[in-house]
>>> print(open('query.pdb').read())   # PDB, C-alpha atoms
ATOM      1  CA  LYS A   1       9.716 -36.912  42.517  1.00  0.00           C
ATOM      2  CA  ASP A   2      11.916 -35.819  45.440  1.00  0.00           C
ATOM      3  CA  ALA A   3      10.818 -38.869  47.427  1.00  0.00           C
ATOM      4  CA  ASN A   4      11.530 -41.241  44.541  1.00  0.00           C
ATOM      5  CA  ASP A   5      14.934 -39.635  44.047  1.00  0.00           C
ATOM      6  CA  MET A   6      15.601 -40.131  47.751  1.00  0.00           C
ATOM      7  CA  ALA A   7      14.746 -43.843  47.494  1.00  0.00           C
ATOM      8  CA  VAL A   8      16.982 -44.341  44.445  1.00  0.00           C
ATOM      9  CA  GLU A   9      19.872 -42.369  45.951  1.00  0.00           C
ATOM     10  CA  SER A  10      19.528 -44.266  49.233  1.00  0.00           C
ATOM     11  CA  ILE A  11      20.017 -47.603  47.523  1.00  0.00           C
ATOM     12  CA  ALA A  12      22.953 -46.268  45.512  1.00  0.00           C
ATOM     13  CA  SER A  13      24.516 -44.981  48.717  1.00  0.00           C
ATOM     14  CA  MET A  14      23.983 -48.321  50.402  1.00  0.00           C
ATOM     15  CA  ALA A  15      25.709 -50.045  47.484  1.00  0.00           C
ATOM     16  CA  LYS A  16      28.779 -47.833  47.988  1.00  0.00           C
ATOM     17  CA  ARG A  17      29.043 -49.003  51.581  1.00  0.00           C
ATOM     18  CA  GLU A  18      29.095 -52.668  50.614  1.00  0.00           C
ATOM     19  CA  THR A  19      32.383 -54.514  50.383  1.00  0.00           C
ATOM     20  CA  SER A  20      33.606 -54.710  46.795  1.00  0.00           C
ATOM     21  CA  SER A  21      34.751 -58.080  45.458  1.00  0.00           C
ATOM     22  CA  LEU A  22      35.008 -60.005  42.190  1.00  0.00           C
ATOM     23  CA  THR A  23      31.964 -62.057  43.082  1.00  0.00           C
ATOM     24  CA  LYS A  24      28.771 -60.489  44.339  1.00  0.00           C
ATOM     25  CA  THR A  25      28.250 -60.796  48.059  1.00  0.00           C
ATOM     26  CA  LYS A  26      24.872 -61.463  49.640  1.00  0.00           C
ATOM     27  CA  GLU A  27      24.553 -57.751  50.467  1.00  0.00           C
ATOM     28  CA  GLU A  28      25.315 -56.685  46.900  1.00  0.00           C
ATOM     29  CA  LYS A  29      22.716 -59.095  45.544  1.00  0.00           C
ATOM     30  CA  GLU A  30      20.267 -57.613  48.035  1.00  0.00           C
ATOM     31  CA  THR A  31      21.041 -54.142  46.691  1.00  0.00           C
ATOM     32  CA  ASP A  32      20.280 -55.357  43.175  1.00  0.00           C
ATOM     33  CA  SER A  33      16.937 -56.719  44.354  1.00  0.00           C
ATOM     34  CA  LEU A  34      16.098 -53.380  45.984  1.00  0.00           C
ATOM     35  CA  GLU A  35      16.856 -51.564  42.731  1.00  0.00           C
ATOM     36  CA  GLU A  36      14.549 -53.959  40.902  1.00  0.00           C
ATOM     37  CA  PHE A  37      11.872 -53.377  43.561  1.00  0.00           C
ATOM     38  CA  VAL A  38      12.067 -49.581  43.136  1.00  0.00           C
ATOM     39  CA  ALA A  39      11.860 -49.972  39.356  1.00  0.00           C
ATOM     40  CA  SER A  40       8.839 -52.277  39.670  1.00  0.00           C
ATOM     41  CA  PHE A  41       7.030 -50.306  42.402  1.00  0.00           C
ATOM     42  CA  PRO A  42       8.177 -46.668  42.085  1.00  0.00           C
ATOM     43  CA  LEU A  43       5.125 -45.273  43.891  1.00  0.00           C
ATOM     44  CA  VAL A  44       5.657 -47.559  46.892  1.00  0.00           C
ATOM     45  CA  ALA A  45       9.321 -46.567  47.098  1.00  0.00           C
ATOM     46  CA  SER A  46       8.371 -42.878  46.879  1.00  0.00           C
ATOM     47  CA  CYS A  47       5.836 -43.226  49.691  1.00  0.00           C
ATOM     48  CA  LEU A  48       8.353 -45.033  51.907  1.00  0.00           C
ATOM     49  CA  ALA A  49      10.828 -42.163  51.494  1.00  0.00           C
ATOM     50  CA  LEU A  50       8.243 -39.362  51.620  1.00  0.00           C
ATOM     51  CA  ASP A  51       8.236 -38.960  55.411  1.00  0.00           C
ATOM     52  CA  VAL A  52      12.024 -38.608  55.353  1.00  0.00           C
ATOM     53  CA  THR A  53      11.924 -35.833  52.744  1.00  0.00           C
ATOM     54  CA  ARG A  54       9.275 -33.761  54.528  1.00  0.00           C
ATOM     55  CA  GLY A  55      10.099 -34.306  58.197  1.00  0.00           C
ATOM     56  CA  GLY A  56       7.744 -37.122  59.189  1.00  0.00           C
ATOM     57  CA  SER A  57       4.913 -36.979  61.693  1.00  0.00           C
ATOM     58  CA  SER A  58       4.680 -36.550  65.447  1.00  0.00           C
ATOM     59  CA  ASP A  59       2.647 -39.768  65.574  1.00  0.00           C
ATOM     60  CA  GLU A  60       4.897 -42.532  64.237  1.00  0.00           C
ATOM     61  CA  THR A  61       2.021 -45.037  64.095  1.00  0.00           C
ATOM     62  CA  SER A  62       0.152 -42.955  61.524  1.00  0.00           C
ATOM     63  CA  THR A  63       2.925 -42.118  59.067  1.00  0.00           C
ATOM     64  CA  LEU A  64       2.504 -43.148  55.453  1.00  0.00           C
ATOM     65  CA  SER A  65       5.585 -45.392  55.595  1.00  0.00           C
ATOM     66  CA  THR A  66       4.241 -47.216  58.655  1.00  0.00           C
ATOM     67  CA  ARG A  67       0.885 -47.858  56.999  1.00  0.00           C
ATOM     68  CA  ILE A  68       2.577 -49.191  53.864  1.00  0.00           C
ATOM     69  CA  LEU A  69       4.837 -51.470  55.896  1.00  0.00           C
ATOM     70  CA  ASN A  70       1.856 -52.780  57.872  1.00  0.00           C
ATOM     71  CA  GLU A  71       0.014 -53.569  54.649  1.00  0.00           C
ATOM     72  CA  ALA A  72       3.110 -55.253  53.209  1.00  0.00           C
ATOM     73  CA  TYR A  73       3.412 -57.353  56.356  1.00  0.00           C
ATOM     74  CA  LEU A  74      -0.222 -58.457  56.183  1.00  0.00           C
ATOM     75  CA  GLU A  75       0.356 -59.506  52.588  1.00  0.00           C
ATOM     76  CA  SER A  76       3.520 -61.341  53.635  1.00  0.00           C
ATOM     77  CA  CYS A  77       1.485 -63.483  56.020  1.00  0.00           C
ATOM     78  CA  ASN A  78       0.539 -65.494  52.948  1.00  0.00           C
ATOM     79  CA  GLN A  79       2.882 -68.391  52.319  1.00  0.00           C
ATOM     80  CA  ASN A  80       3.998 -66.753  49.123  1.00  0.00           C
ATOM     81  CA  LYS A  81       7.744 -66.127  48.844  1.00  0.00           C
ATOM     82  CA  GLU A  82       7.281 -62.999  46.707  1.00  0.00           C
ATOM     83  CA  SER A  83       4.822 -61.524  49.214  1.00  0.00           C
ATOM     84  CA  LYS A  84       7.262 -62.104  52.077  1.00  0.00           C
ATOM     85  CA  SER A  85      10.070 -60.369  50.201  1.00  0.00           C
ATOM     86  CA  LYS A  86       7.933 -57.253  49.598  1.00  0.00           C
ATOM     87  CA  TYR A  87       7.835 -56.438  53.307  1.00  0.00           C
ATOM     88  CA  LYS A  88      11.551 -57.046  53.753  1.00  0.00           C
ATOM     89  CA  ARG A  89      12.470 -54.866  50.771  1.00  0.00           C
ATOM     90  CA  SER A  90      10.056 -52.125  51.822  1.00  0.00           C
ATOM     91  CA  LEU A  91      11.598 -52.026  55.295  1.00  0.00           C
ATOM     92  CA  ASP A  92      15.120 -51.907  53.848  1.00  0.00           C
ATOM     93  CA  ILE A  93      14.199 -49.030  51.517  1.00  0.00           C
ATOM     94  CA  PHE A  94      12.630 -47.031  54.346  1.00  0.00           C
ATOM     95  CA  LEU A  95      15.661 -47.410  56.615  1.00  0.00           C
ATOM     96  CA  SER A  96      18.052 -46.749  53.726  1.00  0.00           C
ATOM     97  CA  SER A  97      16.249 -43.437  53.201  1.00  0.00           C
ATOM     98  CA  VAL A  98      16.710 -42.517  56.862  1.00  0.00           C
ATOM     99  CA  VAL A  99      20.415 -43.371  56.712  1.00  0.00           C
ATOM    100  CA  HIS A 100      20.858 -41.424  53.482  1.00  0.00           C
ATOM    101  CA  SER A 101      19.217 -38.341  54.976  1.00  0.00           C
ATOM    102  CA  SER A 102      21.828 -38.453  57.727  1.00  0.00           C
ATOM    103  CA  GLU A 103      24.631 -38.859  55.189  1.00  0.00           C
ATOM    104  CA  ALA A 104      23.309 -35.881  53.236  1.00  0.00           C
ATOM    105  CA  ALA A 105      23.305 -33.767  56.404  1.00  0.00           C
ATOM    106  CA  ASN A 106      26.877 -34.811  57.216  1.00  0.00           C
ATOM    107  CA  GLU A 107      28.047 -33.807  53.740  1.00  0.00           C
ATOM    108  CA  LYS A 108      26.812 -30.218  54.154  1.00  0.00           C
ATOM    109  CA  PRO A 109      27.267 -29.159  57.803  1.00  0.00           C
ATOM    110  CA  GLY A 110      25.901 -25.685  57.122  1.00  0.00           C
ATOM    111  CA  ASP A 111      22.600 -26.856  55.633  1.00  0.00           C
ATOM    112  CA  ASN A 112      20.114 -26.547  58.499  1.00  0.00           C
ATOM    113  CA  ASP A 113      17.232 -27.952  56.441  1.00  0.00           C
ATOM    114  CA  ARG A 114      19.130 -31.200  55.812  1.00  0.00           C
ATOM    115  CA  LYS A 115      20.084 -31.381  59.474  1.00  0.00           C
ATOM    116  CA  LYS A 116      16.473 -30.925  60.637  1.00  0.00           C
ATOM    117  CA  LEU A 117      15.185 -33.609  58.263  1.00  0.00           C
ATOM    118  CA  ALA A 118      17.925 -36.046  59.294  1.00  0.00           C
ATOM    119  CA  THR A 119      17.332 -35.410  62.995  1.00  0.00           C
ATOM    120  CA  ALA A 120      13.576 -35.898  62.655  1.00  0.00           C
ATOM    121  CA  ALA A 121      14.046 -39.130  60.694  1.00  0.00           C
ATOM    122  CA  ALA A 122      16.661 -40.581  63.050  1.00  0.00           C
ATOM    123  CA  SER A 123      14.795 -39.647  66.225  1.00  0.00           C
ATOM    124  CA  SER A 124      11.792 -41.616  64.983  1.00  0.00           C
ATOM    125  CA  ILE A 125      13.764 -44.865  64.557  1.00  0.00           C
ATOM    126  CA  PRO A 126      13.472 -46.165  68.163  1.00  0.00           C
ATOM    127  CA  GLN A 127       9.691 -45.744  68.136  1.00  0.00           C
ATOM    128  CA  GLN A 128       9.371 -47.010  64.554  1.00  0.00           C
ATOM    129  CA  LEU A 129      11.249 -50.230  65.271  1.00  0.00           C
ATOM    130  CA  GLN A 130       8.949 -50.850  68.222  1.00  0.00           C
ATOM    131  CA  VAL A 131       5.753 -50.589  66.166  1.00  0.00           C
ATOM    132  CA  PHE A 132       6.973 -52.452  63.070  1.00  0.00           C
ATOM    133  CA  PRO A 133       5.455 -55.964  63.093  1.00  0.00           C
ATOM    134  CA  LEU A 134       8.723 -57.555  61.982  1.00  0.00           C
ATOM    135  CA  VAL A 135      12.366 -56.483  62.052  1.00  0.00           C
ATOM    136  CA  THR A 136      14.956 -58.217  59.886  1.00  0.00           C
ATOM    137  CA  SER A 137      18.711 -58.633  60.274  1.00  0.00           C
ATOM    138  CA  SER A 138      19.348 -56.768  57.016  1.00  0.00           C
ATOM    139  CA  SER A 139      17.294 -53.778  58.177  1.00  0.00           C
ATOM    140  CA  LEU A 140      19.337 -53.558  61.386  1.00  0.00           C
ATOM    141  CA  THR A 141      22.566 -53.683  59.390  1.00  0.00           C
ATOM    142  CA  ILE A 142      21.338 -50.772  57.270  1.00  0.00           C
ATOM    143  CA  ALA A 143      20.321 -48.705  60.310  1.00  0.00           C
ATOM    144  CA  SER A 144      23.647 -49.352  62.043  1.00  0.00           C
ATOM    145  CA  ALA A 145      25.445 -47.420  59.276  1.00  0.00           C
ATOM    146  CA  MET A 146      24.448 -44.287  61.193  1.00  0.00           C
ATOM    147  CA  CYS A 147      26.415 -45.432  64.250  1.00  0.00           C
ATOM    148  CA  ASP A 148      29.898 -45.101  62.776  1.00  0.00           C
ATOM    149  CA  ILE A 149      31.129 -42.321  65.060  1.00  0.00           C
ATOM    150  CA  ALA A 150      34.675 -42.529  63.672  1.00  0.00           C
ATOM    151  CA  GLU A 151      33.388 -41.835  60.153  1.00  0.00           C
ATOM    152  CA  ILE A 152      31.207 -38.990  61.425  1.00  0.00           C
ATOM    153  CA  THR A 153      34.201 -37.394  63.150  1.00  0.00           C
ATOM    154  CA  LYS A 154      36.351 -37.830  60.038  1.00  0.00           C
ATOM    155  CA  LYS A 155      33.773 -36.145  57.802  1.00  0.00           C
ATOM    156  CA  ALA A 156      33.429 -33.251  60.211  1.00  0.00           C
ATOM    157  CA  LYS A 157      37.210 -32.847  60.326  1.00  0.00           C
ATOM    158  CA  ASP A 158      37.479 -33.007  56.525  1.00  0.00           C
ATOM    159  CA  ALA A 159      34.761 -30.399  56.161  1.00  0.00           C
ATOM    160  CA  GLY A 160      36.655 -28.138  58.541  1.00  0.00           C
ATOM    161  CA  GLN A 161      39.916 -28.530  56.627  1.00  0.00           C
ATOM    162  CA  LYS A 162      38.442 -27.660  53.228  1.00  0.00           C
ATOM    163  CA  SER A 163      38.964 -24.033  53.987  1.00  0.00           C
ATOM    164  CA  ALA A 164      42.103 -22.960  55.816  1.00  0.00           C
ATOM    165  CA  GLN A 165      40.500 -19.593  56.447  1.00  0.00           C
ATOM    166  CA  GLN A 166      37.224 -21.029  57.706  1.00  0.00           C
ATOM    167  CA  THR A 167      35.020 -18.390  59.287  1.00  0.00           C
ATOM    168  CA  LEU A 168      33.926 -18.649  62.880  1.00  0.00           C
ATOM    169  CA  ALA A 169      30.318 -19.188  61.761  1.00  0.00           C
ATOM    170  CA  ALA A 170      31.324 -22.027  59.424  1.00  0.00           C
ATOM    171  CA  SER A 171      33.401 -23.618  62.165  1.00  0.00           C
ATOM    172  CA  ALA A 172      30.449 -23.451  64.543  1.00  0.00           C
ATOM    173  CA  ALA A 173      28.175 -24.987  61.905  1.00  0.00           C
ATOM    174  CA  THR A 174      30.626 -27.871  61.409  1.00  0.00           C
ATOM    175  CA  HIS A 175      30.770 -28.532  65.147  1.00  0.00           C
ATOM    176  CA  ALA A 176      26.965 -28.370  65.442  1.00  0.00           C
ATOM    177  CA  ALA A 177      26.616 -30.832  62.559  1.00  0.00           C
ATOM    178  CA  LYS A 178      29.014 -33.256  64.271  1.00  0.00           C
ATOM    179  CA  VAL A 179      27.059 -33.043  67.528  1.00  0.00           C
ATOM    180  CA  ALA A 180      23.773 -33.599  65.675  1.00  0.00           C
ATOM    181  CA  ALA A 181      25.228 -36.608  63.844  1.00  0.00           C
ATOM    182  CA  GLU A 182      26.384 -38.109  67.131  1.00  0.00           C
ATOM    183  CA  LYS A 183      22.890 -37.634  68.577  1.00  0.00           C
ATOM    184  CA  ARG A 184      21.398 -39.445  65.569  1.00  0.00           C
ATOM    185  CA  ALA A 185      23.898 -42.267  66.048  1.00  0.00           C
ATOM    186  CA  THR A 186      22.940 -42.500  69.716  1.00  0.00           C
ATOM    187  CA  ALA A 187      19.244 -42.711  68.809  1.00  0.00           C
ATOM    188  CA  VAL A 188      19.934 -45.664  66.515  1.00  0.00           C
ATOM    189  CA  LEU A 189      22.089 -47.366  69.152  1.00  0.00           C
ATOM    190  CA  MET A 190      19.199 -47.060  71.610  1.00  0.00           C
ATOM    191  CA  ALA A 191      16.893 -48.585  69.010  1.00  0.00           C
ATOM    192  CA  LEU A 192      19.287 -51.514  68.517  1.00  0.00           C
ATOM    193  CA  ARG A 193      19.394 -52.004  72.267  1.00  0.00           C
ATOM    194  CA  ASP A 194      15.593 -52.150  72.410  1.00  0.00           C
ATOM    195  CA  VAL A 195      15.500 -54.693  69.577  1.00  0.00           C
ATOM    196  CA  ALA A 196      18.069 -56.853  71.399  1.00  0.00           C
ATOM    197  CA  PHE A 197      15.852 -56.939  74.490  1.00  0.00           C
ATOM    198  CA  GLN A 198      12.337 -56.905  73.054  1.00  0.00           C
ATOM    199  CA  ARG A 199      12.254 -59.010  69.891  1.00  0.00           C
ATOM    200  CA  ASN A 200      11.510 -62.742  70.033  1.00  0.00           C
ATOM    201  CA  LYS A 201      13.677 -64.090  67.230  1.00  0.00           C
ATOM    202  CA  GLU A 202      17.130 -65.051  68.459  1.00  0.00           C
ATOM    203  CA  GLU A 203      18.660 -64.264  65.051  1.00  0.00           C
ATOM    204  CA  VAL A 204      17.312 -60.708  65.129  1.00  0.00           C
ATOM    205  CA  ARG A 205      18.422 -60.129  68.727  1.00  0.00           C
ATOM    206  CA  SER A 206      21.911 -61.396  67.900  1.00  0.00           C
ATOM    207  CA  SER A 207      22.037 -59.202  64.821  1.00  0.00           C
ATOM    208  CA  ALA A 208      21.086 -56.141  66.908  1.00  0.00           C
ATOM    209  CA  VAL A 209      23.944 -56.855  69.310  1.00  0.00           C
ATOM    210  CA  ASP A 210      26.417 -57.366  66.476  1.00  0.00           C
ATOM    211  CA  CYS A 211      25.347 -54.154  64.745  1.00  0.00           C
ATOM    212  CA  ALA A 212      25.619 -52.129  67.950  1.00  0.00           C
TER     213      ALA A 212
END
>>> encode(input="query.pdb", output="structure tokens")
Amino acid sequence: KDANDMAVESIASMAKRETSSLTKTKEEKETDSLEEFVASFPLVASCLALDVTRGGSSDETSTLSTRILNEAYLESCNQNKESKSKYKRSLDIFLSSVVHSSEAANEKPGDNDRKKLATAAASSIPQQLQVFPLVTSSSLTIASAMCDIAEITKKAKDAGQKSAQQTLAASAATHAAKVAAEKRATAVLMALRDVAFQRNKEEVRSSAVDCA
């Protein structure tokens, strides 16, 4: 249940980051399709988010999310439009879960468990993006949400100002959370750099540069 909740909350969080307008943008329509995907395949969504909720594995090629994405990609090799979209949506849900774990850690600087989970998830991104058979522009856009250093600094500052009489321990925890968030952002930036150099599709390489 925790993993499914993570998947649902990740998509909701992604929707909040999208630009609001009277007409639905391409990104907002994509969010709707991800919500439909989670509703249709709740077990798949739970499995994709499971590694994020429990800290992942030291071997990124053997994680449950990687195996599911590999299977989805093999199915997408069919010339069936629905099969192709399953891989894309699965990848977006996985990366949304990673981003949301980082957001959750930023919201509570003193929660070491959240920080450990977020750090483990983010540190796996460079290696994960190397082993994934296909990377999409939308997945890179989702991952790049972790690279907003200005927003990270703002949240850390806001957390510090919530209590005028903040204890020394709380202040240290806030600073440590900011440093950890910056390290996660750096890990994603390195992953985007690798995609820009290593992937074959020009559209994906360009997207990696734009996101960075």
>>> resolve_selection(input="query.pdb", expression="the PyMOL selection byres ((chain A and resi 126-137) around 10)", output="MDAnalysis selection string")
chainID A and resid 59:61 63 65:67 69:70 73:74 87:88 91:92 121:125 138:142 187:195 198:201 203:208 210:211
>>> resolve_selection(input="query.pdb", expression="the PyMOL selection byres ((chain A and resi 37) around 12)", output="short mmCIF file (atom, residue, chain, number, x, y, z; two decimals) with C-alpha atoms, in the coordinates of the input")
data_model
loop_
_atom_site.label_atom_id
_atom_site.label_comp_id
_atom_site.auth_asym_id
_atom_site.auth_seq_id
_atom_site.Cartn_x
_atom_site.Cartn_y
_atom_site.Cartn_z
CA ALA A 7 14.75 -43.84 47.49
CA VAL A 8 16.98 -44.34 44.44
CA ILE A 11 20.02 -47.60 47.52
CA GLU A 30 20.27 -57.61 48.04
CA THR A 31 21.04 -54.14 46.69
CA ASP A 32 20.28 -55.36 43.18
CA SER A 33 16.94 -56.72 44.35
CA LEU A 34 16.10 -53.38 45.98
CA GLU A 35 16.86 -51.56 42.73
CA GLU A 36 14.55 -53.96 40.90
CA VAL A 38 12.07 -49.58 43.14
CA ALA A 39 11.86 -49.97 39.36
CA SER A 40 8.84 -52.28 39.67
CA PHE A 41 7.03 -50.31 42.40
CA PRO A 42 8.18 -46.67 42.08
CA LEU A 43 5.12 -45.27 43.89
CA VAL A 44 5.66 -47.56 46.89
CA ALA A 45 9.32 -46.57 47.10
CA SER A 46 8.37 -42.88 46.88
CA GLU A 82 7.28 -63.00 46.71
CA SER A 85 10.07 -60.37 50.20
CA LYS A 86 7.93 -57.25 49.60
CA TYR A 87 7.84 -56.44 53.31
CA LYS A 88 11.55 -57.05 53.75
CA ARG A 89 12.47 -54.87 50.77
CA SER A 90 10.06 -52.12 51.82
CA LEU A 91 11.60 -52.03 55.30
CA ASP A 92 15.12 -51.91 53.85
CA ILE A 93 14.20 -49.03 51.52
#
>>> resolve_selection(input="query.pdb", expression="the PyMOL selection byres ((chain A and resi 103) around 10)", output="number ranges by chain")
A: 10, 13, 97-102, 104-108, 114-115, 118, 145-146, 152, 155, 181
>>> atom_distance(input="query.pdb", atom1="atom CA of Asp51 of chain A", atom2="atom CA of Ala3 of chain A")
8.4 Å
>>> closest_residue(input="query.pdb", among="A:Ala15, A:Val209, A:Ala172, A:Leu95", to="Leu48 of chain A", atoms="only C-alpha atoms")
A:Leu95
>>> atom_distance(input="query.pdb", atom1="atom CA of Thr174 of chain A", atom2="atom CA of Pro109 of chain A")
5.1 Å
